[in-house]
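Enquirer: TSV, C-alpha atoms and all ligand atoms, file upload.tsv:
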```
chain	number	residue	atom	x	y	z
Q	1395	MET	CA	10.18	-54.19	-73.78
Q	1396	LYS	CA	13.75	-54.55	-72.55
Q	1397	ILE	CA	16.64	-52.11	-72.19
Q	1398	VAL	CA	19.48	-53.20	-74.45
Q	1399	ARG	CA	22.06	-50.39	-74.55
Q	1400	LEU	CA	23.25	-47.21	-72.82
Q	1401	THR	CA	25.30	-44.77	-74.92
Q	1402	THR	CA	26.78	-41.50	-73.65
Q	1403	TYR	CA	28.02	-38.45	-75.52
Q	1404	GLN	CA	30.05	-35.61	-74.06
Q	1405	ALA	CA	29.41	-32.41	-75.94
Q	1406	ALA	CA	30.29	-28.72	-75.86
Q	1407	PRO	CA	29.85	-26.56	-73.95
Q	1408	ARG	CA	29.95	-28.84	-70.86
Q	1409	TRP	CA	27.15	-31.35	-71.28
Q	1410	LEU	CA	26.68	-35.11	-71.16
Q	1411	PHE	CA	23.87	-36.85	-73.00
Q	1412	LEU	CA	22.60	-40.39	-72.39
Q	1413	LYS	CA	20.68	-42.50	-74.87
Q	1414	ILE	CA	18.92	-45.61	-73.56
Q	1415	GLU	CA	17.85	-48.02	-76.30
Q	1416	THR	CA	15.27	-50.80	-76.08
Q	1417	ASP	CA	14.71	-53.99	-78.05
Q	1418	GLU	CA	11.54	-52.47	-79.56
Q	1419	GLY	CA	13.30	-49.61	-81.31
Q	1420	ILE	CA	12.15	-46.91	-78.89
Q	1421	SER	CA	14.93	-44.97	-77.22
Q	1422	GLY	CA	15.00	-42.26	-74.57
Q	1423	TRP	CA	17.34	-39.37	-73.82
Q	1424	GLY	CA	18.68	-38.06	-70.54
Q	1425	GLU	CA	21.21	-35.46	-69.45
Q	1426	PRO	CA	23.13	-36.81	-66.46
Q	1427	VAL	CA	25.81	-34.29	-65.63
Q	1428	ILE	CA	27.60	-32.30	-62.98
Q	1429	GLU	CA	29.15	-29.25	-64.57
Q	1430	GLY	CA	32.90	-29.80	-64.64
Q	1431	ARG	CA	32.64	-33.49	-63.73
Q	1432	ALA	CA	30.97	-34.89	-66.86
Q	1433	ALA	CA	33.40	-37.81	-67.20
Q	1434	THR	CA	32.89	-38.86	-63.57
Q	1435	VAL	CA	29.11	-38.91	-63.96
Q	1436	GLU	CA	29.52	-40.73	-67.27
Q	1437	ALA	CA	31.46	-43.50	-65.50
Q	1438	ALA	CA	28.74	-43.70	-62.84
Q	1439	VAL	CA	26.02	-43.99	-65.51
Q	1440	HIS	CA	27.74	-46.95	-67.11
Q	1441	GLU	CA	28.36	-48.59	-63.75
Q	1442	LEU	CA	24.66	-48.21	-62.90
Q	1443	GLY	CA	23.84	-49.49	-66.39
Q	1444	ASP	CA	24.60	-53.02	-65.16
Q	1445	TYR	CA	21.31	-52.85	-63.21
Q	1446	LEU	CA	19.34	-51.79	-66.30
Q	1447	ILE	CA	20.30	-54.12	-69.15
Q	1448	ARG	CA	17.53	-56.64	-69.99
Q	1449	LYS	CA	15.14	-54.85	-67.58
Q	1450	ASP	CA	11.67	-53.47	-68.42
Q	1451	PRO	CA	12.03	-49.66	-68.84
Q	1452	ALA	CA	8.37	-49.15	-67.90
Q	1453	ARG	CA	9.12	-49.94	-64.23
Q	1454	ILE	CA	10.67	-46.54	-63.53
Q	1455	ASN	CA	9.73	-46.53	-59.83
Q	1456	ASP	CA	11.38	-49.89	-59.21
Q	1457	LEU	CA	14.48	-49.15	-61.29
Q	1458	TRP	CA	14.92	-45.82	-59.46
Q	1459	GLN	CA	14.83	-47.61	-56.10
Q	1460	VAL	CA	17.30	-50.22	-57.36
Q	1461	LEU	CA	19.73	-47.50	-58.50
Q	1462	TYR	CA	19.28	-45.52	-55.26
Q	1463	ARG	CA	19.10	-48.24	-52.60
Q	1464	GLY	CA	20.66	-51.18	-54.42
Q	1465	GLY	CA	24.26	-50.08	-54.04
Q	1466	PHE	CA	24.19	-49.54	-50.24
Q	1467	TYR	CA	26.04	-46.20	-50.63
Q	1468	ARG	CA	23.82	-43.46	-52.02
Q	1469	GLY	CA	23.24	-39.77	-52.56
Q	1470	GLY	CA	25.58	-36.96	-53.49
Q	1471	ALA	CA	26.21	-35.00	-56.64
Q	1472	ILE	CA	27.68	-37.76	-58.81
Q	1473	LEU	CA	25.38	-40.70	-58.08
Q	1474	MET	CA	22.19	-38.62	-57.96
Q	1475	SER	CA	23.09	-36.92	-61.27
Q	1476	ALA	CA	23.70	-40.32	-62.88
Q	1477	ILE	CA	20.31	-41.50	-61.61
Q	1478	ALA	CA	18.75	-38.23	-62.79
Q	1479	GLY	CA	19.79	-38.70	-66.41
Q	1480	ILE	CA	18.74	-42.36	-66.40
Q	1481	ASP	CA	15.37	-41.42	-64.89
Q	1482	GLN	CA	14.80	-38.74	-67.57
Q	1483	ALA	CA	15.57	-41.26	-70.33
Q	1484	LEU	CA	13.16	-43.82	-68.82
Q	1485	TRP	CA	10.35	-41.22	-68.71
Q	1486	ASP	CA	11.17	-40.32	-72.32
Q	1487	ILE	CA	10.83	-43.98	-73.32
Q	1488	LYS	CA	7.55	-44.37	-71.43
Q	1489	GLY	CA	6.05	-41.26	-73.01
Q	1490	LYS	CA	7.13	-42.31	-76.49
Q	1491	ALA	CA	5.84	-45.87	-75.98
Q	1492	LEU	CA	2.42	-44.53	-74.92
Q	1493	GLY	CA	2.42	-41.65	-77.43
Q	1494	VAL	CA	1.98	-38.85	-74.86
Q	1495	PRO	CA	4.12	-36.12	-73.29
Q	1496	VAL	CA	5.46	-36.92	-69.81
Q	1497	TYR	CA	3.22	-34.24	-68.25
Q	1498	GLN	CA	0.19	-36.31	-69.28
Q	1499	LEU	CA	1.61	-39.27	-67.35
Q	1500	LEU	CA	2.07	-37.02	-64.29
Q	1501	GLY	CA	-1.60	-35.96	-64.23
Q	1502	GLY	CA	-1.80	-33.33	-66.94
Q	1503	LEU	CA	-1.30	-29.60	-67.29
Q	1504	VAL	CA	-1.78	-27.13	-64.43
Q	1505	ARG	CA	-0.83	-24.16	-66.64
Q	1506	ASP	CA	-0.74	-23.19	-70.31
Q	1507	ARG	CA	2.68	-21.55	-70.43
Q	1508	MET	CA	5.74	-21.36	-68.23
Q	1509	LYS	CA	7.62	-18.17	-67.44
Q	1510	THR	CA	11.37	-18.33	-68.09
Q	1511	TYR	CA	14.20	-15.96	-67.30
Q	1512	ARG	CA	17.57	-15.20	-68.83
Q	1513	TRP	CA	21.05	-14.77	-67.44
Q	1514	VAL	CA	22.83	-11.46	-67.93
Q	1515	GLY	CA	26.23	-10.13	-66.96
Q	1516	GLY	CA	28.39	-13.27	-66.80
Q	1517	ASP	CA	30.72	-14.29	-63.98
Q	1518	ARG	CA	32.02	-10.81	-63.31
Q	1519	PRO	CA	28.88	-8.76	-63.78
Q	1520	ALA	CA	29.24	-5.96	-66.31
Q	1521	ASP	CA	27.06	-4.20	-68.90
Q	1522	ILE	CA	23.95	-5.55	-67.23
Q	1523	VAL	CA	21.70	-2.64	-68.15
Q	1524	ALA	CA	22.71	-2.79	-71.83
Q	1525	GLN	CA	22.07	-6.54	-71.95
Q	1526	MET	CA	18.70	-6.20	-70.22
Q	1527	ARG	CA	17.68	-3.49	-72.70
Q	1528	HIS	CA	18.62	-5.75	-75.60
Q	1529	TYR	CA	16.76	-8.79	-74.27
Q	1530	LYS	CA	13.76	-6.64	-73.35
Q	1531	SER	CA	13.48	-5.77	-77.04
Q	1532	LEU	CA	13.22	-9.54	-77.68
Q	1533	GLY	CA	10.40	-9.94	-75.16
Q	1534	TYR	CA	12.23	-10.96	-71.98
Q	1535	ASP	CA	11.50	-9.02	-68.81
Q	1536	THR	CA	12.90	-11.32	-66.11
Q	1537	PHE	CA	16.59	-11.84	-65.49
Q	1538	LYS	CA	19.23	-13.18	-63.15
Q	1539	PHE	CA	22.77	-12.03	-62.56
Q	1540	ASN	CA	25.59	-12.65	-60.12
Q	1541	GLY	CA	25.44	-10.37	-57.10
Q	1542	THR	CA	29.16	-10.12	-56.41
Q	1543	GLU	CA	32.55	-11.25	-57.56
Q	1544	GLU	CA	34.70	-13.01	-54.96
Q	1545	LEU	CA	33.90	-11.68	-51.50
Q	1546	LYS	CA	35.96	-12.20	-48.35
Q	1547	LEU	CA	34.40	-13.74	-45.24
Q	1548	ILE	CA	34.49	-10.23	-43.80
Q	1549	ASP	CA	34.85	-7.68	-46.59
Q	1550	SER	CA	35.09	-3.92	-46.77
Q	1551	PRO	CA	32.22	-1.48	-47.31
Q	1552	ARG	CA	33.72	-0.82	-50.74
Q	1553	ALA	CA	32.82	-4.37	-51.84
Q	1554	VAL	CA	29.32	-3.93	-50.42
Q	1555	ASP	CA	28.93	-0.56	-52.14
Q	1556	SER	CA	29.87	-1.97	-55.53
Q	1557	ALA	CA	27.28	-4.77	-55.19
Q	1558	ILE	CA	24.56	-2.30	-54.17
Q	1559	GLU	CA	25.49	0.23	-56.84
Q	1560	LYS	CA	25.08	-2.36	-59.59
Q	1561	VAL	CA	21.50	-3.08	-58.53
Q	1562	ALA	CA	20.71	0.60	-57.98
Q	1563	THR	CA	21.90	1.34	-61.53
Q	1564	ILE	CA	19.48	-1.23	-62.96
Q	1565	ARG	CA	16.51	0.23	-61.12
Q	1566	GLU	CA	17.56	3.77	-62.07
Q	1567	ALA	CA	17.84	2.88	-65.75
Q	1568	LEU	CA	14.90	0.50	-66.15
Q	1569	GLY	CA	12.64	1.27	-63.20
Q	1570	ASN	CA	10.12	-1.47	-62.52
Q	1571	THR	CA	9.91	-2.59	-66.16
Q	1572	VAL	CA	12.17	-5.56	-65.36
Q	1573	ASP	CA	12.24	-8.20	-62.65
Q	1574	PHE	CA	15.41	-9.88	-61.53
Q	1575	GLY	CA	16.86	-12.41	-59.15
Q	1576	ILE	CA	20.34	-11.95	-57.72
Q	1577	ASP	CA	22.58	-15.01	-57.44
Q	1578	PHE	CA	25.01	-14.88	-54.52
Q	1579	HIS	CA	26.35	-18.18	-55.94
Q	1580	GLY	CA	27.62	-19.35	-52.56
Q	1581	ARG	CA	30.26	-16.59	-52.77
Q	1582	VAL	CA	28.89	-14.72	-49.77
Q	1583	SER	CA	29.52	-15.63	-46.13
Q	1584	ALA	CA	26.75	-15.48	-43.52
Q	1585	PRO	CA	28.11	-12.25	-41.97
Q	1586	MET	CA	28.28	-10.50	-45.36
Q	1587	ALA	CA	24.89	-11.90	-46.42
Q	1588	ARG	CA	23.40	-10.13	-43.39
Q	1589	VAL	CA	24.76	-6.83	-44.65
Q	1590	LEU	CA	23.90	-7.30	-48.33
Q	1591	LEU	CA	20.37	-8.66	-47.87
Q	1592	ARG	CA	19.39	-5.67	-45.73
Q	1593	GLU	CA	20.83	-3.11	-48.15
Q	1594	LEU	CA	19.48	-4.79	-51.30
Q	1595	ALA	CA	15.93	-5.09	-50.00
Q	1596	SER	CA	14.82	-1.62	-51.10
Q	1597	TYR	CA	15.56	-2.55	-54.76
Q	1598	ARG	CA	13.05	-5.40	-54.47
Q	1599	PRO	CA	14.71	-8.27	-56.32
Q	1600	LEU	CA	12.47	-11.28	-56.98
Q	1601	PHE	CA	14.85	-13.40	-54.92
Q	1602	VAL	CA	18.41	-13.85	-53.75
Q	1603	GLU	CA	19.81	-17.25	-54.71
Q	1604	GLU	CA	22.22	-19.30	-52.58
Q	1605	PRO	CA	22.53	-16.43	-50.07
Q	1606	VAL	CA	25.10	-18.65	-48.35
Q	1607	LEU	CA	26.62	-22.00	-49.30
Q	1608	PRO	CA	24.21	-24.94	-49.11
Q	1609	GLU	CA	26.32	-26.50	-46.33
Q	1610	GLN	CA	25.48	-23.38	-44.29
Q	1611	TRP	CA	21.74	-23.92	-44.78
Q	1612	GLU	CA	20.96	-23.34	-41.12
Q	1613	TYR	CA	21.47	-19.62	-41.86
Q	1614	TYR	CA	18.57	-19.47	-44.35
Q	1615	ARG	CA	16.02	-18.99	-41.58
Q	1616	PRO	CA	17.81	-16.23	-39.64
Q	1617	LEU	CA	18.73	-14.47	-42.89
Q	1618	SER	CA	15.11	-14.57	-44.04
Q	1619	GLU	CA	14.12	-12.79	-40.84
Q	1620	ILE	CA	16.35	-9.75	-41.35
Q	1621	SER	CA	15.29	-8.98	-44.94
Q	1622	SER	CA	12.09	-9.02	-46.98
Q	1623	ILE	CA	13.86	-10.53	-50.01
Q	1624	PRO	CA	12.63	-14.06	-50.78
Q	1625	LEU	CA	15.51	-16.53	-50.49
Q	1626	ALA	CA	16.07	-19.28	-53.05
Q	1627	ALA	CA	18.35	-22.34	-53.00
Q	1628	GLY	CA	18.57	-25.99	-53.92
Q	1629	GLU	CA	20.81	-26.48	-56.97
Q	1630	ARG	CA	23.38	-28.24	-54.75
Q	1631	MET	CA	20.91	-30.46	-52.86
Q	1632	TYR	CA	20.32	-33.87	-54.32
Q	1633	SER	CA	17.35	-35.65	-52.74
Q	1634	ARG	CA	14.18	-35.41	-50.66
Q	1635	THR	CA	16.18	-36.30	-47.58
Q	1636	GLU	CA	18.48	-33.32	-48.13
Q	1637	PHE	CA	15.57	-30.93	-48.65
Q	1638	LYS	CA	13.65	-32.29	-45.65
Q	1639	PRO	CA	15.51	-30.51	-42.80
Q	1640	VAL	CA	15.88	-27.35	-44.90
Q	1641	LEU	CA	12.14	-27.11	-45.49
Q	1642	ALA	CA	11.39	-27.97	-41.87
Q	1643	ALA	CA	13.72	-25.22	-40.60
Q	1644	GLY	CA	12.09	-22.62	-42.86
Q	1645	GLY	CA	13.61	-19.52	-44.42
Q	1646	LEU	CA	13.53	-20.45	-48.11
Q	1647	SER	CA	10.76	-19.06	-50.32
Q	1648	ILE	CA	11.86	-20.78	-53.53
Q	1649	LEU	CA	13.28	-24.27	-54.02
Q	1650	GLN	CA	15.60	-24.77	-56.99
Q	1651	PRO	CA	16.24	-28.49	-57.42
Q	1652	ASP	CA	18.10	-29.40	-60.60
Q	1653	LEU	CA	16.35	-32.08	-62.68
Q	1654	SER	CA	19.77	-33.33	-63.83
Q	1655	HIS	CA	21.29	-33.44	-60.33
Q	1656	ALA	CA	18.52	-34.40	-57.90
Q	1657	GLY	CA	17.40	-37.83	-59.07
Q	1658	GLY	CA	15.51	-36.70	-62.17
Q	1659	ILE	CA	11.80	-36.19	-62.79
Q	1660	SER	CA	10.76	-38.88	-60.30
Q	1661	GLU	CA	12.59	-37.32	-57.35
Q	1662	CYS	CA	12.02	-33.66	-58.22
Q	1663	HIS	CA	8.27	-34.24	-58.64
Q	1664	LYS	CA	8.26	-35.37	-55.00
Q	1665	ILE	CA	10.52	-32.49	-53.91
Q	1666	ALA	CA	8.08	-30.10	-55.60
Q	1667	ALA	CA	5.21	-31.60	-53.61
Q	1668	MET	CA	7.21	-31.24	-50.37
Q	1669	ALA	CA	7.81	-27.58	-51.21
Q	1670	GLU	CA	4.13	-27.01	-51.99
Q	1671	ALA	CA	3.19	-28.39	-48.57
Q	1672	HIS	CA	5.45	-25.70	-47.02
Q	1673	ASP	CA	4.06	-22.88	-49.23
Q	1674	VAL	CA	7.44	-22.73	-50.95
Q	1675	ALA	CA	7.70	-22.02	-54.69
Q	1676	LEU	CA	9.60	-24.07	-57.25
Q	1677	ALA	CA	12.06	-22.67	-59.81
Q	1678	PRO	CA	14.08	-25.57	-61.23
Q	1679	HIS	CA	17.79	-24.87	-61.73
Q	1680	CYS	CA	18.83	-25.33	-65.36
Q	1681	PRO	CA	21.97	-23.71	-66.76
Q	1682	LEU	CA	22.32	-26.96	-68.76
Q	1683	GLY	CA	21.30	-28.42	-72.11
Q	1684	PRO	CA	18.04	-29.14	-73.90
Q	1685	VAL	CA	17.17	-32.52	-72.35
Q	1686	ALA	CA	17.59	-31.09	-68.85
Q	1687	LEU	CA	15.37	-28.14	-69.82
Q	1688	ALA	CA	12.75	-30.43	-71.34
Q	1689	ALA	CA	12.70	-32.46	-68.10
Q	1690	CYS	CA	12.29	-29.25	-66.07
Q	1691	LEU	CA	9.39	-28.14	-68.25
Q	1692	GLN	CA	7.62	-31.48	-67.84
Q	1693	LEU	CA	7.67	-30.85	-64.08
Q	1694	ASP	CA	6.80	-27.13	-64.33
Q	1695	PHE	CA	3.64	-27.97	-66.21
Q	1696	VAL	CA	2.33	-30.30	-63.47
Q	1697	ALA	CA	3.62	-28.51	-60.35
Q	1698	HIS	CA	1.24	-25.79	-59.15
Q	1699	ASN	CA	4.01	-24.04	-57.18
Q	1700	ALA	CA	6.40	-23.73	-60.17
Q	1701	VAL	CA	6.93	-19.99	-60.70
Q	1702	LEU	CA	10.00	-19.51	-62.90
Q	1703	GLN	CA	12.16	-21.65	-65.15
Q	1704	GLU	CA	15.86	-20.99	-65.67
Q	1705	GLN	CA	17.18	-21.68	-69.18
Q	1706	SER	CA	20.64	-21.42	-70.63
Q	1707	ILE	CA	20.08	-19.68	-73.94
Q	1708	GLY	CA	22.96	-17.24	-74.41
Q	1709	ILE	CA	24.36	-17.98	-70.93
Q	1710	HIS	CA	28.03	-17.12	-70.41
Q	1711	TYR	CA	28.93	-20.82	-70.04
Q	1712	ASN	CA	27.66	-21.75	-73.50
Q	1713	GLU	CA	30.90	-21.53	-75.45
Q	1714	GLY	CA	31.08	-23.87	-78.46
Q	1715	ALA	CA	27.35	-24.64	-78.52
Q	1716	ASP	CA	24.12	-23.04	-77.37
Q	1717	LEU	CA	20.92	-24.44	-75.90
Q	1718	LEU	CA	19.23	-25.63	-79.08
Q	1719	ASP	CA	22.21	-26.59	-81.25
Q	1720	TYR	CA	21.66	-30.34	-80.79
Q	1721	VAL	CA	17.85	-30.06	-81.01
Q	1722	ILE	CA	15.83	-30.85	-84.14
Q	1723	ASN	CA	12.45	-29.46	-82.98
Q	1724	LYS	CA	13.81	-26.02	-82.04
Q	1725	ASP	CA	10.47	-24.25	-82.62
Q	1726	ASP	CA	8.86	-26.13	-79.74
Q	1727	PHE	CA	11.20	-24.25	-77.35
Q	1728	ALA	CA	10.37	-20.78	-78.67
Q	1729	CYS	CA	9.49	-18.16	-76.06
Q	1730	ASP	CA	6.46	-15.93	-76.57
Q	1731	ALA	CA	6.45	-12.15	-76.13
Q	1732	GLN	CA	6.38	-12.53	-72.33
Q	1733	GLY	CA	9.34	-14.93	-72.21
Q	1734	CYS	CA	7.08	-17.96	-71.68
Q	1735	ILE	CA	7.35	-21.43	-73.22
Q	1736	ALA	CA	4.27	-23.52	-74.10
Q	1737	ALA	CA	4.01	-27.17	-73.05
Q	1738	LEU	CA	6.23	-29.25	-75.34
Q	1739	PRO	CA	3.82	-31.08	-77.67
Q	1740	LYS	CA	5.87	-34.15	-78.62
Q	1741	PRO	CA	5.64	-37.50	-76.78
Q	1742	GLY	CA	8.07	-38.30	-73.97
Q	1743	LEU	CA	10.27	-35.41	-72.88
Q	1744	GLY	CA	9.34	-33.53	-76.06
Q	1745	VAL	CA	12.88	-33.02	-77.36
Q	1746	GLU	CA	14.21	-34.54	-80.58
Q	1747	ILE	CA	17.98	-34.87	-80.38
Q	1748	ASP	CA	20.29	-34.56	-83.38
Q	1749	GLU	CA	22.41	-37.62	-82.61
Q	1750	ALA	CA	24.69	-37.13	-85.62
Q	1751	ARG	CA	25.78	-33.78	-84.18
Q	1752	LEU	CA	26.40	-35.38	-80.77
Q	1753	ILE	CA	28.55	-38.08	-82.34
Q	1754	GLU	CA	30.63	-35.32	-83.94
Q	1755	ALA	CA	30.77	-33.28	-80.70
Q	1756	ASN	CA	31.84	-36.32	-78.67
Q	1757	LYS	CA	35.00	-36.62	-80.78
Q	1758	GLN	CA	36.30	-33.57	-78.92
Q	1759	PRO	CA	34.98	-33.79	-75.36
Q	1760	PRO	CA	34.99	-30.28	-73.88
Q	1761	ARG	CA	36.62	-30.97	-70.45
Q	1762	TRP	CA	34.97	-27.77	-69.12
Q	1763	ARG	CA	36.06	-26.62	-65.67
Q	1764	ASN	CA	34.72	-23.70	-63.69
Q	1765	PRO	CA	37.14	-20.84	-63.03
Q	1766	LEU	CA	39.35	-21.24	-59.97
Q	1767	TRP	CA	39.33	-17.92	-58.16
Q	1768	ARG	CA	41.66	-16.66	-55.46
Q	1769	HIS	CA	41.37	-13.77	-53.04
Q	1770	SER	CA	43.92	-10.97	-53.15
Q	1771	ASP	CA	45.88	-12.72	-50.36
Q	1772	GLY	CA	46.29	-15.86	-52.48
Q	1773	SER	CA	43.71	-18.05	-50.71
Q	1774	VAL	CA	41.06	-19.95	-52.66
Q	1775	ALA	CA	37.82	-18.05	-53.17
Q	1776	GLU	CA	34.34	-19.47	-53.80
Q	1777	TRP	CA	33.29	-19.21	-57.44
Q	1801	MG	MG	22.86	-20.52	-58.86
```
Can the structure in the file be given as structure tokens, please?

Expert:
Amino acid sequence: MKIVRLTTYQAAPRWLFLKIETDEGISGWGEPVIEGRAATVEAAVHELGDYLIRKDPARINDLWQVLYRGGFYRGGAILMSAIAGIDQALWDIKGKALGVPVYQLLGGLVRDRMKTYRWVGGDRPADIVAQMRHYKSLGYDTFKFNGTEELKLIDSPRAVDSAIEKVATIREALGNTVDFGIDFHGRVSAPMARVLLRELASYRPLFVEEPVLPEQWEYYRPLSEISSIPLAAGERMYSRTEFKPVLAAGGLSILQPDLSHAGGISECHKIAAMAEAHDVALAPHCPLGPVALAACLQLDFVAHNAVLQEQSIGIHYNEGADLLDYVINKDDFACDAQGCIAALPKPGLGVEIDEARLIEANKQPPRWRNPLWRHSDGSVAEW
């Protein structure tokens, strides 16, 4: 079997899909994307495609090394996301060629269903209790929301109070009938994280995500020592070598690699094993589309330390299309009454893509950008 063609489709809300075709009629799908930089990753995919044409798609390990090492320069959000989507598509082809789901090729199931959680509250958290009540009636009991809006490097007790009050309101209204993680989203500085993590601890969130920016990772350990809240991070780390010093330093309880950013299934399977060796849980980042989610699930079902799966259904970013709009086998992604998804039964990644809809969507590429926030003094704020 030989790879003959790479085709990409940009599609609302902010996604990029890759189709890799072979000379035997089997094709695989990937989702190589950085949110807000879809066109840049798309260019990288086609540049890397030169290494793939006429090659055997079964040799995923070798092709991955070629894409990673072969260009001398390596790593980073763009290149590792391009590799990620290609890697997903190659696993999809291999599974389809052999007639089995990818999790069978990775050693088989370690669990029967995977717990997922939902986003509530949007960028500027509001109406969280009402949304949680609504989703609870649909079976979901685990959520994530943003902890703060923009926060200054040193901010006033008023900003701290409003962050604490939001969480207190949830516990007051819903008691312990819901679980939730709080995403600091890299908006919080190390000094303010010290304050917030201490004061939030009594409300017992499942985790605080990106308590500080990933480039400030040396604070994870000291922050973990002043609060009992498990710390989570990893959506902006792109390879084993980036996770290595972070795991060695300690402080994180949950690793959140993104299967569409950190080198795909091949790399994240290894990152999961590194985390397991450090008694660190796995909760793959996935505010993305259906191929990315399918890739995450393939890993969740073989990684013993996988505890929670993010998914983008109804997320505030999904304007113009939602998680399953381009999927034919929607029922395979249905959540049960506990918010869990069963192992996807179809061969490969287990997602059947409606290519006709993607062709239509690609006629109007979304050009999504994240909001650009500024502090009250006019300086740029982290979003
Ligand atoms: Mg996050």

Enquirer: Of the residues Q:Pro1741, Q:Gly1479, Q:Pro1519, Q:Gly1575, which is the one nearest to ligand MG 1801 (chain Q), using all atoms listed in the file?

Expert: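 Using all atoms listed in the file, ligand MG 1801 (chain Q) sits closest to Q:Gly1575.
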
Enquirer: Considering all atoms listed in the file, return as a ChimeraX atom specification whatever protein or nucleic-acid residues lie within 9 Å of Gly1533 of chain Q, sequence-local ones (same chain, fewer than 3 positions apart) excluded.

Expert: /Q:1529-1530,1729-1733

Enquirer: Fewer than 6 positions away in the same chain doesn't count, so skip those; otherwise give me all residues within 8 Å of segment 1664-1680 of chain Q, counting all atoms listed in the file, as number ranges by chain.

Expert: Q: 1628-1629, 1633-1634, 1637, 1641, 1646-1653, 1686-1687, 1690, 1697-1706

Enquirer: Select, from Q:Glu1543, Q:Glu1603, Q:Asp1481, Q:Glu1746, the residue with the minimum atom-to-atom distance to ligand MG 1801 (chain Q), counting only C-alpha atoms and all ligand atoms.

Expert: Q:Glu1603

Enquirer: Can you list, as a PDB file with C-alpha atoms, in the coordinates of the input, every protein, DNA or RNA residue that comes within 6 Å of segment 1504-1515 of chain Q when you count all atoms listed in the file, leaving out same-chain residues fewer than 3 positions away?

Expert:
```
ATOM      1  CA  PRO Q1519      28.880  -8.760 -63.780  1.00  0.00           C
ATOM      2  CA  ALA Q1520      29.240  -5.960 -66.310  1.00  0.00           C
ATOM      3  CA  ILE Q1522      23.950  -5.550 -67.230  1.00  0.00           C
ATOM      4  CA  THR Q1536      12.900 -11.320 -66.110  1.00  0.00           C
ATOM      5  CA  PHE Q1537      16.590 -11.840 -65.490  1.00  0.00           C
ATOM      6  CA  LYS Q1538      19.230 -13.180 -63.150  1.00  0.00           C
ATOM      7  CA  PHE Q1539      22.770 -12.030 -62.560  1.00  0.00           C
ATOM      8  CA  PHE Q1695       3.640 -27.970 -66.210  1.00  0.00           C
ATOM      9  CA  VAL Q1696       2.330 -30.300 -63.470  1.00  0.00           C
ATOM     10  CA  LEU Q1702      10.000 -19.510 -62.900  1.00  0.00           C
ATOM     11  CA  GLN Q1703      12.160 -21.650 -65.150  1.00  0.00           C
ATOM     12  CA  GLU Q1704      15.860 -20.990 -65.670  1.00  0.00           C
ATOM     13  CA  ILE Q1709      24.360 -17.980 -70.930  1.00  0.00           C
ATOM     14  CA  GLY Q1733       9.340 -14.930 -72.210  1.00  0.00           C
ATOM     15  CA  CYS Q1734       7.080 -17.960 -71.680  1.00  0.00           C
ATOM     16  CA  ILE Q1735       7.350 -21.430 -73.220  1.00  0.00           C
ATOM     17  CA  ALA Q1736       4.270 -23.520 -74.100  1.00  0.00           C
TER      18      ALA Q1736
END
```

Enquirer: Pick out the residues sitting within 9 Å of segment 1462-1464 of chain Q, and hand them over as an MDAnalysis selection string; count only C-alpha atoms, and ignore anything fewer than 3 positions along from it in its own chain.

Expert: chainID Q and resid 1445 1457:1459 1467:1469 1473:1474 1477 1657

Enquirer: For the atom pair atom CA of Pro1681 of chain Q and atom CA of Val1460 of chain Q, what is the interatomic distance in Å to one decimal place?

Expert: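 Distance between the two atoms: 28.5 Å.
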
Enquirer: Could you check which of Q:Leu1545, Q:Ala1557, Q:Leu1682, Q:Leu1594 is closest to Arg1581 of chain Q, using all atoms listed in the file?

Expert: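 Nearest to Arg1581 of chain Q: Q:Leu1545.
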
Enquirer: Here is a test: counting only C-alpha atoms, which residue of Q:Gly1742, Q:Gly1708, Q:Gly1541, Q:Gly1470 is nearest to Pro1495 of chain Q?

Expert: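 Checking each candidate against Pro1495 of chain Q, we get Q:Gly1742 as the closest.
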
Enquirer: Fewer than 2 positions away in the same chain doesn't count, so skip those; otherwise give me all residues within 12 Å of segment 1770-1775 of chain Q, counting only C-alpha atoms, as a ChimeraX atom specification.

Expert: /Q:1543-1547,1549,1579-1583,1765-1768,1777

Enquirer: May I have a table of the residues of segment 1431-1525 of chain Q lying at most 6 Å from segment 1397-1415 of chain Q, giving each one's closest pair of atoms and their distance in Å to one decimal, counting only C-alpha atoms, ordered by chain and ascending residue number, as a Markdown table?

Expert:
```
| residue | atom | partner | partner_atom | distance |
| --- | --- | --- | --- | --- |
| Q:Ile1447 | CA | Q:Ile1397 | CA | 5.2 |
| Q:Arg1448 | CA | Q:Ile1397 | CA | 5.1 |
| Q:Lys1449 | CA | Q:Ile1397 | CA | 5.6 |
```
